[in-house]
Amino acid sequence: MIHFGTHLAVPVLVAAAFYRPRWPQAAAILLATMLVDLDHLLADPIYDPERCSIGFHPLHSAAAIALYVVLVALPLALRLKAVIPHRATVRTLHLVGVGLLIHMALDLGDCFL
């Protein structure tokens, strides 16, 4: 139960701490990324408290996590090129990447317990 609570509390705390001007919108996006756990529906059994999600589920794989890192870095990469055509879209993609990385970090913590 603590695990699920952290998946709700941590994104809201991150939004409040780092995205203060628009924290409610940021929190909503970060919380929406918790839907990444839908890939658990592909597993048998769907839920196994002893299983480490990282590396087991498709959206928790190393390749997926690399994509999430790219999403976080996207605004920086575009800023270096001085080309940010759709600032709101880039900001949203950044937040999606942040939310997914938060999720992966929280799930990784379960792998060591």
# chains A, B, ... in the order shown; residues from 1 in each chain; ligands from 1

$ residues_around --residues "Val72 (chain A)" --least-positions-apart "4" --cutoff "6 Å" --atoms "only C-alpha atoms" --output "list in words"
His94, Gly97 and Val98 of chain A

$ write_last_selection --atoms "N, CA and C atoms" --output "CSV table (one decimal), in the first residue's frame"
chain,number,residue,atom,x,y,z
A,94,HIS,N,8.3,17.0,-21.7
A,94,HIS,CA,9.3,17.0,-20.7
A,94,HIS,C,8.7,16.4,-19.4
A,97,GLY,N,8.2,12.7,-19.5
A,97,GLY,CA,9.4,12.0,-19.2
A,97,GLY,C,9.8,12.1,-17.7
A,98,VAL,N,9.6,13.2,-17.1
A,98,VAL,CA,9.9,13.3,-15.7
A,98,VAL,C,9.0,12.4,-14.9

$ select_by_dssp --residues "chain A" --states "helix (DSSP H, G or I)" --output "MDAnalysis selection string"
chainID A and resid 2:18 20:42 58:60 62:80 87:111

$ atom_distance --atom1 "CA of Ile46 (chain A)" --atom2 "CA of His60 (chain A)"
14.4 Å

$ residues_around --residues "region 19-35 of chain A" --least-positions-apart "2" --cutoff "8 Å" --atoms "only C-alpha atoms" --output "number ranges by chain"
A: 7-8, 11-12, 14-17, 37-38, 92, 95-96, 98-100, 103

$ atom_distance --atom1 "CA of Ile54 (chain A)" --atom2 "CA of Phe112 (chain A)"
11.2 Å

$ atom_distance --atom1 "CA of Leu13 (chain A)" --atom2 "CA of Leu106 (chain A)"
13.7 Å

$ closest_residue --among "A:Cys111, A:Val36, A:Val69, A:Val10" --to "Asp48 (chain A)" --atoms "only C-alpha atoms"
A:Cys111

$ closest_residue --among "A:Ile2, A:Asp44, A:Leu78, A:Phe18" --to "Phe56 (chain A)" --atoms "only C-alpha atoms"
A:Asp44

$ closest_residue --among "A:Ala43, A:Phe4, A:Ala9, A:Cys52" --to "Leu108 (chain A)" --atoms "only C-alpha atoms"
A:Cys52

$ residues_around --residues "His57 (chain A)" --least-positions-apart "6" --cutoff "8 Å" --atoms "only C-alpha atoms" --output "ChimeraX atom specification"
/A:39-40,42-43
